[in-house]
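Here is the structure we will look at, set down as structure tokens.
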There are 2 protein chains.
Amino acid sequence: MAQEKNISKAVIKRLPRYYRFLGELLNQGVVRISSRLLSEKMGITASQIRQDLNCFGGFGQQGYGYNVQVLHEEIASILGLDRQADVILIGAGNLGRAVANHMEFEQRGFRLIGIFDKDPELIGQTIKDVLIRSTDKIEPFCRVYHPTAAILCIPKTAAKELSDRLIAAGVKGFWNFSHYDLALNQKERGIVVENVHMSDSLMTLSYELKALTDKEKAAE
Amino acid sequence: MAQEKNISKAVIKRLPRYYRFLGELLNQGVVRISSRLLSEKMGITASQIRQDLNCFGGFGQQGYGYNVQVLHEEIASILGLDRQADVILIGAGNLGRAVANHMEFEQRGFRLIGIFDKDPELIGQTIKDVLIRSTDKIEPFCRVYHPTAAILCIPKTAAKELSDRLIAAGVKGFWNFSHYDLALNQKERGIVVENVHMSDSLMTLSYELKALTDKEKAAE
DNA sequence: TTTAGCCCGTTAAACTATTGACAAGCGACT
DNA sequence: AGTCGCTTGTCAATAGTTTAACGGGCTAAA
């Protein structure tokens with residue numbers, strides 16, 4: 001395996017997008033693609049594509065380009081989508097249920113093996129054949145099944161306590177939908193966090209819409 | 001209003017986070033905060049905070065710092081949270097329902113005024129007192145209510161057609177949860193797009209977990 | 001087999017973003 | 001009123017990211 005140097009975060013963030021576009025090309029039966037053509041499709045520079053891919057090895061060939069299927073598989077492997085990391089979901093409210101139902105975990109490198117909630121009404125129900133257990137059962141469950149990651153779909157107020165407990169129970173990664181800023185406290189402890197701050201995203205949209213309106217007004 | 005120069009995207013993306021932290025301080029009854037203190041709480045440099053805030057004007061005072069409430073309100077105003085931009089939701093599946101139920105639109109500068117789906121089973125139902133209508137009714141609805149933005153919680157396959165129709169109907173902003181890369185086609189047309197690519201985020205987490213495991217193995 | 005046209009990998013340059021440094025202003029205490 | 005310590009706003013330096021340029025190798029066609 002290559003990947004000696006530390007790969008920049010910016011590159012990593014682009015990989016899933018490459019993967020998505022290559023998957024589409026594969027579906028369309030496209031066999032080869034040049035960085036120039038892909039750059040036109042994706043709206044980025046060909047230079048960036050070549051530079052990004054080169055972080056992980058020379059997958060292309062001069063005068064030919066890249067083989068779509070090979071590249072698709074290589075990126076899957078880089079992202080670790082060929083594994084099945086066990087993940088548990090904490091919080092089976094609106095958002096938690098939607099995430100459990102909506103995401104294709106198996107195609108993204110994960111397997112959902114447990115769901116936890118503190119609401120007695122929900123406990124005992126199942127989502128996608130996975131039983132909802134009491135949050136009290138998190139520790140015993142982890143002792144048996146050792147999930148690698150946890151998805152947090154819980155209120156901000158519960159996030160600190162639960163994340164601490166999960167880390168103590170051996171969870172290494174978090175997909176955090178709560179408004180709590182998890183990464184702050186967990187850095188440098190061998191814990192990785194991926195935040196999905198939906199309301200931040202919505203506020204960004206608000207800003208951009210406002211900026212758009214202001215600009216149009218100014219143009220008059 | 002200040003904000004003459006074009007503000008960098010990186011700064012905008014941080015504003016909601018500032019807003020979140022300031023809101024918390026406000027709840028705790030904190031009256032003033034220095035960039036140094038805030039930087040410790042947020043895990044970024046004080047320099048960056050001062051530089052970011054200065055893009056929009058000098059809200060602080062030497063020897064004192066920033067007034068928490070004033071700054072909180074200023075950022076709300078910059079982000080446009082004091083407005084109520086009308087927004088419609090397209091797609092009332094798992095994800096769409098969760099978004100409608102879960103997000104506090106009124107506190108983020110928006111007001112949800114309509115929901116659309118093509119499934120006859122869902123049409124006629126309501127979410128948060130908002131009626132679910134047929135997607136056939138999008139155009140007449142827009143002619144009457146002129147929504148500023150649309151939330152796309154629909155499959156990739158439907159995204160292109162619906163976004164085209166919505167743009168034709170006068171929608172200016174998209175909060176896009178579909179796997180379709182909306183921004184590509186809509187750039188430079190006075191349309192703003194904020195993508196929430198959840199599966200990209202999940203794949204990023206997969207990469208980071210893999211990298212973590214690899215590093216631990218290498219350390220042995 | 002030769003040649004022309006592509007296209008990759010790589011290095012260098014341009015650009016952007018973050019961090020550090022410091023002068024000047026404010027507040028609090030003497 | 002004067003002084004000390006703190007903190008901003010801003011400029012300069014550093015770090016990081018993106019884009020451009022180019023040598024050389026591969027493909028395909030003559």
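Residue numbering restarts at 1 for every chain of the structure tokens, chains are lettered A, B, ... in their displayed order, and ligands are numbered from 1 as they appear.
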Contact table region 63-117 of chain B vs region 12-28 of chain C, cut-off 12 Å, shortest pair per residue, only C-alpha atoms (C1' of nucleotides), as CSV:
residue,atom,partner,partner_atom,distance
B:Gly63,CA,C:DC26,C1',5.0
B:Tyr64,CA,C:DC26,C1',7.0
B:Gly65,CA,C:DC26,C1',9.9
Could you please tell me, as a ChimeraX atom specification, which residues of chain B have an atom within 6 Å of chain A when using only C-alpha atoms?
/B:16,79-80,94-95,98,108,194,200,203,205-207
Selection export as a PDB file, in the first residue's frame, atoms kept: N, CA and C atoms:
ATOM      1  N   PRO B  16     -21.871  29.869  11.496  1.00  0.00           N
ATOM      2  CA  PRO B  16     -22.879  29.162  12.278  1.00  0.00           C
ATOM      3  C   PRO B  16     -22.314  28.566  13.568  1.00  0.00           C
ATOM      4  N   LEU B  79     -26.096  36.270   9.011  1.00  0.00           N
ATOM      5  CA  LEU B  79     -26.570  35.020   8.411  1.00  0.00           C
ATOM      6  C   LEU B  79     -27.990  35.145   7.865  1.00  0.00           C
ATOM      7  N   GLY B  80     -28.663  36.215   8.233  1.00  0.00           N
ATOM      8  CA  GLY B  80     -30.033  36.390   7.747  1.00  0.00           C
ATOM      9  C   GLY B  80     -31.049  35.588   8.528  1.00  0.00           C
ATOM     10  N   ASN B  94     -38.678   8.971   4.293  1.00  0.00           N
ATOM     11  CA  ASN B  94     -38.038   8.934   5.618  1.00  0.00           C
ATOM     12  C   ASN B  94     -37.281  10.209   5.919  1.00  0.00           C
ATOM     13  N   LEU B  95     -36.423  10.545   4.975  1.00  0.00           N
ATOM     14  CA  LEU B  95     -35.525  11.667   5.215  1.00  0.00           C
ATOM     15  C   LEU B  95     -36.279  12.985   5.236  1.00  0.00           C
ATOM     16  N   ALA B  98     -38.150  13.416   8.411  1.00  0.00           N
ATOM     17  CA  ALA B  98     -37.247  13.706   9.524  1.00  0.00           C
ATOM     18  C   ALA B  98     -36.779  15.157   9.478  1.00  0.00           C
ATOM     19  N   ARG B 108     -33.749  29.437  12.011  1.00  0.00           N
ATOM     20  CA  ARG B 108     -32.639  29.391  11.062  1.00  0.00           C
ATOM     21  C   ARG B 108     -32.901  30.266   9.847  1.00  0.00           C
ATOM     22  N   GLU B 194     -26.813  24.470  -1.333  1.00  0.00           N
ATOM     23  CA  GLU B 194     -26.075  23.947  -0.188  1.00  0.00           C
ATOM     24  C   GLU B 194     -26.323  22.444  -0.143  1.00  0.00           C
ATOM     25  N   ASP B 200     -21.486  10.842   1.474  1.00  0.00           N
ATOM     26  CA  ASP B 200     -20.093  11.264   1.343  1.00  0.00           C
ATOM     27  C   ASP B 200     -19.449  11.382   2.722  1.00  0.00           C
ATOM     28  N   MET B 203     -18.682   8.040   4.125  1.00  0.00           N
ATOM     29  CA  MET B 203     -17.494   7.440   3.502  1.00  0.00           C
ATOM     30  C   MET B 203     -16.218   8.075   4.031  1.00  0.00           C
ATOM     31  N   LEU B 205     -15.868   9.154   7.024  1.00  0.00           N
ATOM     32  CA  LEU B 205     -15.648   8.507   8.325  1.00  0.00           C
ATOM     33  C   LEU B 205     -15.027   7.133   8.137  1.00  0.00           C
ATOM     34  N   SER B 206     -15.499   6.423   7.129  1.00  0.00           N
ATOM     35  CA  SER B 206     -14.933   5.105   6.845  1.00  0.00           C
ATOM     36  C   SER B 206     -13.431   5.210   6.588  1.00  0.00           C
ATOM     37  N   TYR B 207     -13.052   6.196   5.772  1.00  0.00           N
ATOM     38  CA  TYR B 207     -11.626   6.402   5.493  1.00  0.00           C
ATOM     39  C   TYR B 207     -10.847   6.673   6.765  1.00  0.00           C
TER      40      TYR B 207
END
Using only C-alpha atoms (C1' of nucleotides), which chain A residues lie at most 9 Å away from chain D, written as a CSV table (one decimal) with C-alpha atoms, in the first residue's frame?
chain,number,residue,atom,x,y,z
A,10,ALA,CA,-9.3,18.5,1.3
A,45,THR,CA,-9.7,21.2,-13.0
A,47,SER,CA,-4.9,19.1,-12.7
A,48,GLN,CA,-6.7,18.6,-9.4
A,61,GLN,CA,-1.8,5.6,-18.2
A,62,GLN,CA,-0.4,8.2,-20.6
A,63,GLY,CA,-2.3,8.5,-23.8
A,64,TYR,CA,-5.1,6.4,-22.4
Sort by chain and increasing residue number a table of all residues of chain A within 12 Å of chain C, each with its closest pair of atoms and their distance in Å to one decimal, counting only C-alpha atoms (C1' of nucleotides), and write it as JSON lines.
{"residue": "A:Ile33", "atom": "CA", "partner": "C:DC7", "partner_atom": "C1'", "distance": 10.4}
{"residue": "A:Ser34", "atom": "CA", "partner": "C:DC7", "partner_atom": "C1'", "distance": 7.1}
{"residue": "A:Ser35", "atom": "CA", "partner": "C:DC7", "partner_atom": "C1'", "distance": 8.0}
{"residue": "A:Arg36", "atom": "CA", "partner": "C:DC7", "partner_atom": "C1'", "distance": 8.5}
{"residue": "A:Leu37", "atom": "CA", "partner": "C:DC7", "partner_atom": "C1'", "distance": 10.8}
{"residue": "A:Ala46", "atom": "CA", "partner": "C:DC7", "partner_atom": "C1'", "distance": 10.5}
{"residue": "A:Ser47", "atom": "CA", "partner": "C:DC8", "partner_atom": "C1'", "distance": 10.2}
{"residue": "A:Ile49", "atom": "CA", "partner": "C:DC8", "partner_atom": "C1'", "distance": 11.0}
{"residue": "A:Arg50", "atom": "CA", "partner": "C:DC8", "partner_atom": "C1'", "distance": 7.7}
{"residue": "A:Gln51", "atom": "CA", "partner": "C:DG9", "partner_atom": "C1'", "distance": 8.3}
{"residue": "A:Asp52", "atom": "CA", "partner": "C:DG9", "partner_atom": "C1'", "distance": 11.2}
{"residue": "A:Leu53", "atom": "CA", "partner": "C:DG9", "partner_atom": "C1'", "distance": 10.1}
{"residue": "A:Asn54", "atom": "CA", "partner": "C:DG9", "partner_atom": "C1'", "distance": 7.5}
{"residue": "A:Cys55", "atom": "CA", "partner": "C:DG9", "partner_atom": "C1'", "distance": 10.7}
{"residue": "A:Gly57", "atom": "CA", "partner": "C:DG9", "partner_atom": "C1'", "distance": 9.8}
{"residue": "A:Gly58", "atom": "CA", "partner": "C:DG9", "partner_atom": "C1'", "distance": 7.5}
{"residue": "A:Phe59", "atom": "CA", "partner": "C:DC8", "partner_atom": "C1'", "distance": 9.2}
{"residue": "A:Gly60", "atom": "CA", "partner": "C:DC8", "partner_atom": "C1'", "distance": 6.4}
{"residue": "A:Gln61", "atom": "CA", "partner": "C:DC8", "partner_atom": "C1'", "distance": 5.7}
{"residue": "A:Gln62", "atom": "CA", "partner": "C:DC8", "partner_atom": "C1'", "distance": 4.5}
{"residue": "A:Gly63", "atom": "CA", "partner": "C:DC7", "partner_atom": "C1'", "distance": 4.5}
{"residue": "A:Tyr64", "atom": "CA", "partner": "C:DC7", "partner_atom": "C1'", "distance": 6.4}
{"residue": "A:Gly65", "atom": "CA", "partner": "C:DC7", "partner_atom": "C1'", "distance": 6.2}
{"residue": "A:Tyr66", "atom": "CA", "partner": "C:DC8", "partner_atom": "C1'", "distance": 9.2}
Atoms to include: N, CA and C atoms. Write the selected residues as a compact mmCIF listing (two decimals), in the first residue's frame.
# COMPACT_ATOMS: atom_id res chain seq x y z
N ILE A 33 -11.70 6.86 -18.99
CA ILE A 33 -11.99 8.28 -18.84
C ILE A 33 -10.68 9.03 -18.63
N SER A 34 -10.55 10.16 -19.28
CA SER A 34 -9.35 10.98 -19.07
C SER A 34 -9.64 12.02 -18.00
N SER A 35 -8.58 12.53 -17.39
CA SER A 35 -8.77 13.53 -16.34
C SER A 35 -9.46 14.77 -16.92
N ARG A 36 -9.18 15.06 -18.18
CA ARG A 36 -9.80 16.23 -18.78
C ARG A 36 -11.32 16.06 -18.92
N LEU A 37 -11.72 14.90 -19.40
CA LEU A 37 -13.15 14.64 -19.55
C LEU A 37 -13.86 14.62 -18.20
N ALA A 46 -8.68 19.47 -14.32
CA ALA A 46 -8.06 18.17 -14.57
C ALA A 46 -6.81 18.00 -13.72
N SER A 47 -6.13 19.12 -13.52
CA SER A 47 -4.92 19.12 -12.71
C SER A 47 -5.21 18.59 -11.30
N ILE A 49 -7.64 16.66 -10.32
CA ILE A 49 -7.96 15.24 -10.35
C ILE A 49 -6.67 14.42 -10.38
N ARG A 50 -5.77 14.80 -11.27
CA ARG A 50 -4.53 14.04 -11.37
C ARG A 50 -3.73 14.11 -10.08
N GLN A 51 -3.70 15.30 -9.52
CA GLN A 51 -2.94 15.48 -8.28
C GLN A 51 -3.55 14.67 -7.13
N ASP A 52 -4.87 14.70 -7.05
CA ASP A 52 -5.56 13.97 -5.98
C ASP A 52 -5.29 12.47 -6.09
N LEU A 53 -5.49 11.95 -7.28
CA LEU A 53 -5.36 10.51 -7.47
C LEU A 53 -3.93 10.06 -7.22
N ASN A 54 -3.00 10.96 -7.55
CA ASN A 54 -1.60 10.59 -7.41
C ASN A 54 -1.15 10.45 -5.98
N CYS A 55 -1.93 10.99 -5.05
CA CYS A 55 -1.61 10.80 -3.64
C CYS A 55 -1.60 9.32 -3.29
N GLY A 57 -1.33 6.74 -5.69
CA GLY A 57 -0.65 5.87 -6.65
C GLY A 57 -1.04 6.20 -8.07
N GLY A 58 -0.22 5.77 -9.00
CA GLY A 58 -0.47 6.09 -10.41
C GLY A 58 -1.44 5.10 -11.02
N PHE A 59 -2.71 5.49 -11.02
CA PHE A 59 -3.73 4.58 -11.53
C PHE A 59 -3.97 4.75 -13.03
N GLY A 60 -3.38 5.79 -13.59
CA GLY A 60 -3.67 6.09 -14.99
C GLY A 60 -2.54 5.69 -15.92
N GLN A 61 -2.76 5.96 -17.19
CA GLN A 61 -1.75 5.60 -18.18
C GLN A 61 -1.72 6.70 -19.24
N GLN A 62 -0.52 7.10 -19.60
CA GLN A 62 -0.41 8.15 -20.60
C GLN A 62 -1.05 7.75 -21.92
N GLY A 63 -1.70 8.71 -22.54
CA GLY A 63 -2.31 8.46 -23.83
C GLY A 63 -3.61 7.68 -23.76
N TYR A 64 -3.93 7.18 -22.56
CA TYR A 64 -5.15 6.38 -22.41
C TYR A 64 -6.12 7.01 -21.42
N GLY A 65 -5.61 7.33 -20.25
CA GLY A 65 -6.46 7.86 -19.19
C GLY A 65 -6.58 6.86 -18.06
N TYR A 66 -7.75 6.81 -17.46
CA TYR A 66 -7.97 5.89 -16.35
C TYR A 66 -9.02 4.88 -16.75
Helix (DSSP H, G or I) residues, from DSSP on the backbone, in region 56-158 of chain A, as an MDAnalysis selection string
chainID A and resid 68:79 94:102 105:108 135:145 156:158
Those of chain A in DSSP strand (DSSP E), formatted as an MDAnalysis selection string:
chainID A and resid 32:33 66:67 85:90 110:117 126:127 130:134 149:152 173:176 192:195
Could you jot down the CA of Ala92 (chain A) to CA of Asp117 (chain A) separation for me, Å, one decimal place?
5.8 Å
